[in-house]
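Undergrad: One structure coming up, written as structure tokens, with questions to follow.
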Amino acid sequence: MTKLFLIAVFAFLGQTANIQSNKGLCKVEVNDVSKTTSFGYLVGYSVTFKNNSKKTVDGVYWNVYFYNNNGDLIKEDKSTFNSTSLIDPIASGFTKILVRSPRVKGASKVIVKITKVHFSDGTTCN
């Protein structure tokens with residue numbers, strides 16, 4: 001019984017050691033990344049940002065990495081969110097879901113890493 005338990009633990013640790021993960025910055029976290037695939041293409045993804053800082057966020061800049069099932073990097077891209085008079089900023093304690101449609105052939109995994117955060121008071125964190 002203990003052998004089975006140890007094998008399960010090592011298998012779990014082996015799986016998690018190589019997993020890429022989403023990364024937040026300056027108390028702005030990536031809560032969730034969902035993807036949509038169709039006919040071998042990743043046609044869209046949505047990313048949920050949560051503002052855990054005490055300031056209002058009016059800009060988020062991130063890199064997005066697209067991987068296949070084997071873990072090979074297929075494509076890297078950049079994207080941004082900027083609030084306007086029509087699009088509300090991310091207030092402290094709130095989340096915002098953003099949708100993008102990159103259309104990447106063979107991609108099945110999406111990793112988002114925030115590179116820069118701009119706050120409504122004019123400060124920037126990167």
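Residues are referred to by chain and number: the chain letter is A, B, ... according to the order shown in the structure tokens, the number counts from 1 in that chain, and ligands are numbered separately from 1 in the order shown.
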Mind checking which residues fall within 9 Å of A:Leu98, counting only C-alpha atoms, ignoring those fewer than 2 positions away in the same chain, and posting them as number ranges by chain?
TA: A: 45-49, 81, 96, 100
Undergrad: Of the residues A:Arg103, A:Lys109, A:Lys78, A:Lys116, which is the one nearest to A:Val64, using only C-alpha atoms?
TA: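 Under the stated criterion, the closest residue is A:Lys78.
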Undergrad: Identify, with DSSP run on backbone atoms, the residues in stretch 38-115 of chain A assigned to strand (DSSP E), and express the list as a PDB file with C-alpha atoms, in the first residue's frame.
TA:
ATOM      1  CA  SER A  38     -11.731  23.900 -33.431  1.00  0.00           C
ATOM      2  CA  TYR A  41      -6.728  25.503 -34.342  1.00  0.00           C
ATOM      3  CA  LEU A  42      -6.827  27.420 -31.091  1.00  0.00           C
ATOM      4  CA  VAL A  43      -9.370  29.994 -32.214  1.00  0.00           C
ATOM      5  CA  GLY A  44      -9.773  31.947 -29.006  1.00  0.00           C
ATOM      6  CA  TYR A  45      -8.886  32.347 -25.370  1.00  0.00           C
ATOM      7  CA  SER A  46     -10.214  34.329 -22.445  1.00  0.00           C
ATOM      8  CA  VAL A  47      -8.106  35.532 -19.554  1.00  0.00           C
ATOM      9  CA  THR A  48      -9.439  36.680 -16.178  1.00  0.00           C
ATOM     10  CA  PHE A  49      -7.374  39.316 -14.385  1.00  0.00           C
ATOM     11  CA  LYS A  50      -7.947  40.055 -10.683  1.00  0.00           C
ATOM     12  CA  ASN A  51      -6.748  43.318  -9.187  1.00  0.00           C
ATOM     13  CA  VAL A  57      -5.669  49.376 -12.962  1.00  0.00           C
ATOM     14  CA  ASP A  58      -6.220  51.065 -16.337  1.00  0.00           C
ATOM     15  CA  GLY A  59      -3.670  49.088 -18.365  1.00  0.00           C
ATOM     16  CA  VAL A  60      -2.342  45.525 -18.428  1.00  0.00           C
ATOM     17  CA  TYR A  61       0.336  44.277 -20.832  1.00  0.00           C
ATOM     18  CA  TRP A  62       1.114  40.580 -21.180  1.00  0.00           C
ATOM     19  CA  ASN A  63       2.909  37.939 -23.195  1.00  0.00           C
ATOM     20  CA  VAL A  64       0.957  34.865 -24.248  1.00  0.00           C
ATOM     21  CA  TYR A  65       2.592  31.540 -25.075  1.00  0.00           C
ATOM     22  CA  PHE A  66       0.894  28.833 -27.147  1.00  0.00           C
ATOM     23  CA  TYR A  67       1.957  25.193 -26.646  1.00  0.00           C
ATOM     24  CA  LEU A  73       6.191  26.230 -27.859  1.00  0.00           C
ATOM     25  CA  ILE A  74       4.353  26.975 -31.102  1.00  0.00           C
ATOM     26  CA  LYS A  75       3.964  30.737 -30.955  1.00  0.00           C
ATOM     27  CA  GLU A  76       4.559  33.702 -28.659  1.00  0.00           C
ATOM     28  CA  ASP A  77       2.514  36.894 -28.839  1.00  0.00           C
ATOM     29  CA  LYS A  78       1.873  40.123 -26.932  1.00  0.00           C
ATOM     30  CA  SER A  79      -1.447  41.657 -25.978  1.00  0.00           C
ATOM     31  CA  THR A  80      -2.777  44.576 -23.944  1.00  0.00           C
ATOM     32  CA  PHE A  81      -5.790  45.961 -22.138  1.00  0.00           C
ATOM     33  CA  ASN A  82      -6.302  49.703 -21.857  1.00  0.00           C
ATOM     34  CA  THR A  95     -11.868  41.041 -11.949  1.00  0.00           C
ATOM     35  CA  LYS A  96     -12.059  41.602 -15.692  1.00  0.00           C
ATOM     36  CA  ILE A  97     -12.418  38.954 -18.383  1.00  0.00           C
ATOM     37  CA  LEU A  98     -10.773  39.700 -21.729  1.00  0.00           C
ATOM     38  CA  VAL A  99     -11.195  37.648 -24.900  1.00  0.00           C
ATOM     39  CA  ARG A 100      -8.706  37.320 -27.748  1.00  0.00           C
ATOM     40  CA  VAL A 104      -2.951  29.333 -33.798  1.00  0.00           C
ATOM     41  CA  LYS A 105      -2.649  25.990 -35.612  1.00  0.00           C
ATOM     42  CA  LYS A 109      -2.341  25.171 -24.121  1.00  0.00           C
ATOM     43  CA  VAL A 110      -2.210  28.893 -23.365  1.00  0.00           C
ATOM     44  CA  ILE A 111       0.072  30.523 -20.769  1.00  0.00           C
ATOM     45  CA  VAL A 112      -0.297  34.231 -19.881  1.00  0.00           C
ATOM     46  CA  LYS A 113       2.452  36.229 -18.135  1.00  0.00           C
ATOM     47  CA  ILE A 114       1.833  39.863 -17.216  1.00  0.00           C
ATOM     48  CA  THR A 115       4.794  42.085 -18.139  1.00  0.00           C
TER      49      THR A 115
END
Undergrad: So which residues touch A:Lys55 within 12 Å, counting only C-alpha atoms, skipping near sequence neighbours fewer than 6 positions away, as a VMD selection string?
TA: chain A and resid 26 to 28 89 to 94 117 to 125
Undergrad: Quick one: pull the distance between atom CA of A:Ser108 and atom CA of A:Asn126, Å, one decimal.
TA: 28.2 Å
Undergrad: Take atom CA of A:Ser34 and atom CA of A:Ser101 and report the distance between them in Å, one decimal.
TA: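 These two atoms are separated by 11.8 Å.
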Undergrad: From a DSSP pass on the backbone, collect the residues of chain A flagged as alpha helix (DSSP H) and hand them back as a VMD selection string.
TA: chain A and resid 2 to 17
Undergrad: Export, as a PDB file, in the first residue's frame, the selected residues with N, CA and C atoms.
TA:
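That gives us result-v1.pdb:
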ATOM      1  N   THR A   2       1.944   1.257   0.805  1.00  0.00           N
ATOM      2  CA  THR A   2       2.793   2.445   0.844  1.00  0.00           C
ATOM      3  C   THR A   2       3.552   2.617  -0.462  1.00  0.00           C
ATOM      4  N   LYS A   3       3.910   1.500  -1.126  1.00  0.00           N
ATOM      5  CA  LYS A   3       4.569   1.609  -2.427  1.00  0.00           C
ATOM      6  C   LYS A   3       3.668   2.302  -3.437  1.00  0.00           C
ATOM      7  N   LEU A   4       2.406   1.927  -3.436  1.00  0.00           N
ATOM      8  CA  LEU A   4       1.443   2.535  -4.351  1.00  0.00           C
ATOM      9  C   LEU A   4       1.297   4.019  -4.069  1.00  0.00           C
ATOM     10  N   PHE A   5       1.269   4.377  -2.798  1.00  0.00           N
ATOM     11  CA  PHE A   5       1.151   5.780  -2.405  1.00  0.00           C
ATOM     12  C   PHE A   5       2.377   6.569  -2.866  1.00  0.00           C
ATOM     13  N   LEU A   6       3.575   6.016  -2.652  1.00  0.00           N
ATOM     14  CA  LEU A   6       4.801   6.702  -3.060  1.00  0.00           C
ATOM     15  C   LEU A   6       4.879   6.853  -4.577  1.00  0.00           C
ATOM     16  N   ILE A   7       4.470   5.836  -5.299  1.00  0.00           N
ATOM     17  CA  ILE A   7       4.455   5.932  -6.761  1.00  0.00           C
ATOM     18  C   ILE A   7       3.508   7.038  -7.207  1.00  0.00           C
ATOM     19  N   ALA A   8       2.340   7.121  -6.590  1.00  0.00           N
ATOM     20  CA  ALA A   8       1.374   8.173  -6.930  1.00  0.00           C
ATOM     21  C   ALA A   8       1.941   9.552  -6.630  1.00  0.00           C
ATOM     22  N   VAL A   9       2.627   9.704  -5.489  1.00  0.00           N
ATOM     23  CA  VAL A   9       3.211  10.996  -5.121  1.00  0.00           C
ATOM     24  C   VAL A   9       4.294  11.396  -6.121  1.00  0.00           C
ATOM     25  N   PHE A  10       5.186  10.467  -6.457  1.00  0.00           N
ATOM     26  CA  PHE A  10       6.248  10.779  -7.422  1.00  0.00           C
ATOM     27  C   PHE A  10       5.693  11.089  -8.808  1.00  0.00           C
ATOM     28  N   ALA A  11       4.660  10.377  -9.203  1.00  0.00           N
ATOM     29  CA  ALA A  11       4.036  10.652 -10.503  1.00  0.00           C
ATOM     30  C   ALA A  11       3.424  12.047 -10.513  1.00  0.00           C
ATOM     31  N   PHE A  12       2.760  12.419  -9.436  1.00  0.00           N
ATOM     32  CA  PHE A  12       2.154  13.752  -9.342  1.00  0.00           C
ATOM     33  C   PHE A  12       3.231  14.835  -9.372  1.00  0.00           C
ATOM     34  N   LEU A  13       4.298  14.659  -8.591  1.00  0.00           N
ATOM     35  CA  LEU A  13       5.376  15.646  -8.567  1.00  0.00           C
ATOM     36  C   LEU A  13       6.073  15.739  -9.916  1.00  0.00           C
ATOM     37  N   GLY A  14       6.231  14.613 -10.588  1.00  0.00           N
ATOM     38  CA  GLY A  14       6.833  14.625 -11.921  1.00  0.00           C
ATOM     39  C   GLY A  14       5.992  15.386 -12.919  1.00  0.00           C
ATOM     40  N   GLN A  15       4.673  15.282 -12.812  1.00  0.00           N
ATOM     41  CA  GLN A  15       3.766  15.997 -13.715  1.00  0.00           C
ATOM     42  C   GLN A  15       3.801  17.494 -13.437  1.00  0.00           C
ATOM     43  N   THR A  16       3.820  17.884 -12.155  1.00  0.00           N
ATOM     44  CA  THR A  16       3.746  19.304 -11.811  1.00  0.00           C
ATOM     45  C   THR A  16       5.074  20.015 -11.982  1.00  0.00           C
ATOM     46  N   ALA A  17       6.178  19.294 -12.002  1.00  0.00           N
ATOM     47  CA  ALA A  17       7.486  19.930 -12.114  1.00  0.00           C
ATOM     48  C   ALA A  17       7.669  20.610 -13.465  1.00  0.00           C
TER      49      ALA A  17
END
Undergrad: When you draw a straight line from atom CA of A:Leu86 to atom CA of A:Gly24, how long is it in Å?
TA: 25.2 Å
